[in-house]
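**Q** Submitted below is the structure of interest, expressed as structure tokens.
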Amino acid sequence: MLTQVADNVYRKVVPLPNNPLREINAYIITGEKNLLIDTGFNRPECEEALKTAFSELGITNTDLFITHLHSDHCGLVPKFSTRSSKIFASETDGELINFEVGNLYWRILDDLFVKYGFPKAEFGRNTDIHPGRKYCHDARVDFKYVTEGDVLQYADLELEVILTPGHTPGHACLYDANKKILFCGDHILGTITPNICIELGVENPLKDYLDSLAKIEKLDVQLLLTSHGTPIDDMYARIKELQLHHQERLEEVLTVLGTQWKTSYMVARDMTWEIDCKDWEDFPQPQKWFATGEAISHLQYLFFTGKIKREEKNGIYYYRK
Ligand SMILES: [Zn+2]
């Protein structure tokens, strides 16, 4: 489905088959130069959907802006860039996107998860533990890096780059102050809470995320264009909900943790999750990964604020009150 959401701005709903997210919203700005914001996974269903949108809009060539490193956002970059395309991303996520090509990135990420308490045995059962790995882009990208305050001009939009680390370390939004439009990627979502997880080089992603929410809360936004789900009418109310959600999660993690040494995986197992599974063992493997990632980000936040202790035993982090 292709929908016009503002002058010269279109939303294309791109399917993500067999993925709990179901769809991603790609945005296309048309004019003298065109801009595609995020792409979908590197899989034929996503490619087909974007091609259909391009032909409906009569577009053959476009620049690209990638909000962050996840494969549902950047999987098709090599396929939709031409020799004349400029491809924008933050340097932090752009470097990681290129590092994702090949196995080293995923091996380091696996090792990081093991260090943070995800059992090594769980990897053995499913090599596709992370859906992003399966549908990742397959070639390096020649990015033009953007940073805070840079302005990109497309049609009559003046899009200022706002860095919003948290969901990923180099997550970036685009903001038009005159039109009060914010392309927010996965920083704010309406139907689900953006996943906050450790990444290479990041130790306290939840603090980064909450700081980035506070930063966005100061902007004057009337049209919030998210990467997943339906539009959010009131960004400020949603930010309050997300802040409250994380406060409640921090309290829950403290309660679950108690005074016994536990890994993030053990904490995740005992937390409450909105998922249609009868118990933790019933969770699909990728969901265990994401749940553990959530537990890690809350445990690390509590550790850095001095509320809990952390100890490394045999190369694995354990936490307790
Ligand atoms: Zn994402």
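Each chain in the structure tokens gets a letter, A, B and so on, in the order shown; residues start at 1 in every chain, and ligands are counted from 1 in the order they appear.
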Counting only C-alpha atoms and all ligand atoms, which protein, DNA or RNA residues come within 8 Å of ligand 1, given as a list in words?
**A** His68, Leu69, His70, Ser71, Asp72, His73, His167, Thr168, Gly185, Asp186, Pro194 and Asn195 of chain A
**Q** How would the residues just picked look written out with all heavy atoms as a JSON list (two decimals), in the first residue's frame?
**A**
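To be explicit, this is the file written out as again36.json:
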[["chain", "number", "residue", "atom", "x", "y", "z"],
["A", 68, "HIS", "N", 18.89, 3.29, 10.83],
["A", 68, "HIS", "CA", 19.75, 2.52, 11.74],
["A", 68, "HIS", "C", 20.12, 1.16, 11.15],
["A", 68, "HIS", "O", 19.66, 0.78, 10.09],
["A", 68, "HIS", "CB", 19.13, 2.39, 13.12],
["A", 68, "HIS", "CG", 17.85, 1.61, 13.17],
["A", 68, "HIS", "ND1", 16.66, 2.08, 12.70],
["A", 68, "HIS", "CD2", 17.59, 0.37, 13.68],
["A", 68, "HIS", "CE1", 15.72, 1.19, 12.91],
["A", 68, "HIS", "NE2", 16.25, 0.13, 13.50],
["A", 69, "LEU", "N", 20.96, 0.47, 11.87],
["A", 69, "LEU", "CA", 21.66, -0.68, 11.31],
["A", 69, "LEU", "C", 20.85, -1.96, 11.16],
["A", 69, "LEU", "O", 21.33, -2.92, 10.56],
["A", 69, "LEU", "CB", 22.90, -0.99, 12.18],
["A", 69, "LEU", "CG", 22.66, -1.42, 13.63],
["A", 69, "LEU", "CD1", 22.51, -2.93, 13.76],
["A", 69, "LEU", "CD2", 23.84, -0.98, 14.50],
["A", 70, "HIS", "N", 19.64, -2.02, 11.69],
["A", 70, "HIS", "CA", 18.91, -3.30, 11.62],
["A", 70, "HIS", "C", 18.54, -3.66, 10.18],
["A", 70, "HIS", "O", 18.18, -2.79, 9.38],
["A", 70, "HIS", "CB", 17.66, -3.23, 12.51],
["A", 70, "HIS", "CG", 18.01, -3.17, 13.96],
["A", 70, "HIS", "ND1", 17.23, -2.56, 14.90],
["A", 70, "HIS", "CD2", 19.10, -3.66, 14.64],
["A", 70, "HIS", "CE1", 17.81, -2.68, 16.09],
["A", 70, "HIS", "NE2", 18.94, -3.33, 15.96],
["A", 71, "SER", "N", 18.59, -4.97, 9.91],
["A", 71, "SER", "CA", 18.45, -5.44, 8.52],
["A", 71, "SER", "C", 17.09, -5.14, 7.91],
["A", 71, "SER", "O", 16.97, -5.06, 6.69],
["A", 71, "SER", "CB", 18.69, -6.94, 8.45],
["A", 71, "SER", "OG", 19.95, -7.25, 8.95],
["A", 72, "ASP", "N", 16.04, -4.99, 8.74],
["A", 72, "ASP", "CA", 14.74, -4.63, 8.15],
["A", 72, "ASP", "C", 14.74, -3.17, 7.68],
["A", 72, "ASP", "O", 13.82, -2.75, 6.98],
["A", 72, "ASP", "CB", 13.58, -4.91, 9.12],
["A", 72, "ASP", "CG", 13.72, -4.25, 10.48],
["A", 72, "ASP", "OD1", 14.87, -4.07, 10.92],
["A", 72, "ASP", "OD2", 12.69, -3.90, 11.08],
["A", 73, "HIS", "N", 15.78, -2.43, 8.02],
["A", 73, "HIS", "CA", 15.88, -1.02, 7.58],
["A", 73, "HIS", "C", 16.91, -0.83, 6.47],
["A", 73, "HIS", "O", 16.79, 0.09, 5.68],
["A", 73, "HIS", "CB", 16.22, -0.13, 8.78],
["A", 73, "HIS", "CG", 15.11, -0.10, 9.79],
["A", 73, "HIS", "ND1", 14.25, 0.95, 9.92],
["A", 73, "HIS", "CD2", 14.70, -1.05, 10.67],
["A", 73, "HIS", "CE1", 13.35, 0.66, 10.85],
["A", 73, "HIS", "NE2", 13.61, -0.55, 11.32],
["A", 167, "HIS", "N", 17.97, 2.65, 20.63],
["A", 167, "HIS", "CA", 17.53, 1.44, 19.91],
["A", 167, "HIS", "C", 18.74, 0.83, 19.18],
["A", 167, "HIS", "O", 18.90, -0.40, 19.15],
["A", 167, "HIS", "CB", 16.41, 1.81, 18.95],
["A", 167, "HIS", "CG", 15.90, 0.67, 18.13],
["A", 167, "HIS", "ND1", 15.27, -0.42, 18.67],
["A", 167, "HIS", "CD2", 15.96, 0.44, 16.79],
["A", 167, "HIS", "CE1", 14.96, -1.28, 17.71],
["A", 167, "HIS", "NE2", 15.37, -0.78, 16.56],
["A", 168, "THR", "N", 19.55, 1.67, 18.58],
["A", 168, "THR", "CA", 20.90, 1.28, 18.13],
["A", 168, "THR", "C", 21.83, 2.44, 18.48],
["A", 168, "THR", "O", 21.36, 3.56, 18.70],
["A", 168, "THR", "CB", 20.97, 1.03, 16.59],
["A", 168, "THR", "OG1", 20.70, 2.26, 15.92],
["A", 168, "THR", "CG2", 20.00, -0.05, 16.14],
["A", 185, "GLY", "N", 12.15, 6.60, 12.54],
["A", 185, "GLY", "CA", 12.69, 5.23, 12.51],
["A", 185, "GLY", "C", 12.05, 4.36, 13.57],
["A", 185, "GLY", "O", 10.82, 4.36, 13.71],
["A", 186, "ASP", "N", 12.87, 3.67, 14.34],
["A", 186, "ASP", "CA", 12.35, 2.82, 15.42],
["A", 186, "ASP", "C", 12.51, 3.49, 16.78],
["A", 186, "ASP", "O", 12.40, 2.83, 17.81],
["A", 186, "ASP", "CB", 13.11, 1.48, 15.46],
["A", 186, "ASP", "CG", 12.63, 0.51, 14.40],
["A", 186, "ASP", "OD1", 11.72, 0.88, 13.63],
["A", 186, "ASP", "OD2", 13.17, -0.61, 14.33],
["A", 194, "PRO", "N", 9.99, -0.03, 21.37],
["A", 194, "PRO", "CA", 11.24, -0.32, 20.65],
["A", 194, "PRO", "C", 12.19, -1.16, 21.51],
["A", 194, "PRO", "O", 12.33, -0.90, 22.71],
["A", 194, "PRO", "CB", 11.82, 1.08, 20.39],
["A", 194, "PRO", "CG", 10.63, 1.98, 20.39],
["A", 194, "PRO", "CD", 9.68, 1.40, 21.41],
["A", 195, "ASN", "N", 12.78, -2.16, 20.90],
["A", 195, "ASN", "CA", 13.70, -3.04, 21.61],
["A", 195, "ASN", "C", 14.98, -2.28, 21.95],
["A", 195, "ASN", "O", 15.58, -1.66, 21.08],
["A", 195, "ASN", "CB", 14.00, -4.25, 20.70],
["A", 195, "ASN", "CG", 14.85, -5.29, 21.39],
["A", 195, "ASN", "OD1", 16.04, -5.40, 21.13],
["A", 195, "ASN", "ND2", 14.26, -6.06, 22.27]]
**Q** Can you tell me which residues surround A:Glu312 at a distance of at most 12 Å, considering only C-alpha atoms, apart from same-chain residues fewer than 3 positions away, and format the answer as an MDAnalysis selection string?
**A** chainID A and resid 114:117 261:263 309 315:320
**Q** Hey, which of A:Pro286, A:Gly258, A:Gly31, A:Pro44 ends up closest to A:Lys321? Count only C-alpha atoms.
**A** A:Gly258
**Q** For A:Leu159, find every residue with an atom within 9 Å (counting only C-alpha atoms), except residues of its own chain fewer than 5 positions away, and show them as a ChimeraX atom specification.
**A** /A:150-154,174-177,181-182
**Q** Which is closest to A:Gly132 among A:Val161, A:Cys277, A:Leu21, A:Ile239, if we use only C-alpha atoms?
**A**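 Going through A:Val161, A:Cys277, A:Leu21, A:Ile239 one by one, the smallest distance to A:Gly132 is for A:Leu21.
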**Q** Looking at only C-alpha atoms, which of A:Ala291, A:Ala53, A:Gly166, A:Thr62 is the one that sits closest to A:Tyr10?
**A**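 Answer, going by the shortest atom-to-atom distance: A:Ala53.
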**Q** Using only C-alpha atoms, which of A:Val14, A:Val9, A:Val77, A:Ala26 sits nearest A:Asn42?
**A**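 Closest candidate: A:Val77.
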**Q** Of the candidates A:Cys74, A:Lys240, A:Lys288, A:His245, which shows the shortest atom-to-atom distance to A:Ile87, using only C-alpha atoms?
**A**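 Under the stated criterion, the closest residue is A:Cys74.
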**Q** With distances taken over only C-alpha atoms, which of A:Gln222, A:Gln287, A:Asn204, A:Ser264 is nearest to A:Tyr301?
**A**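 Of the candidates, the smallest distance to A:Tyr301 is held by A:Asn204.
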**Q** Could you pull out the residues in stretch 109-320 of chain A that DSSP calls helix (DSSP H, G or I) from the backbone, as a VMD selection string?
**A** chain A and resid 109 to 115 120 to 125 131 to 134 205 to 217 235 to 257 264 to 270 280 to 282 285 to 304
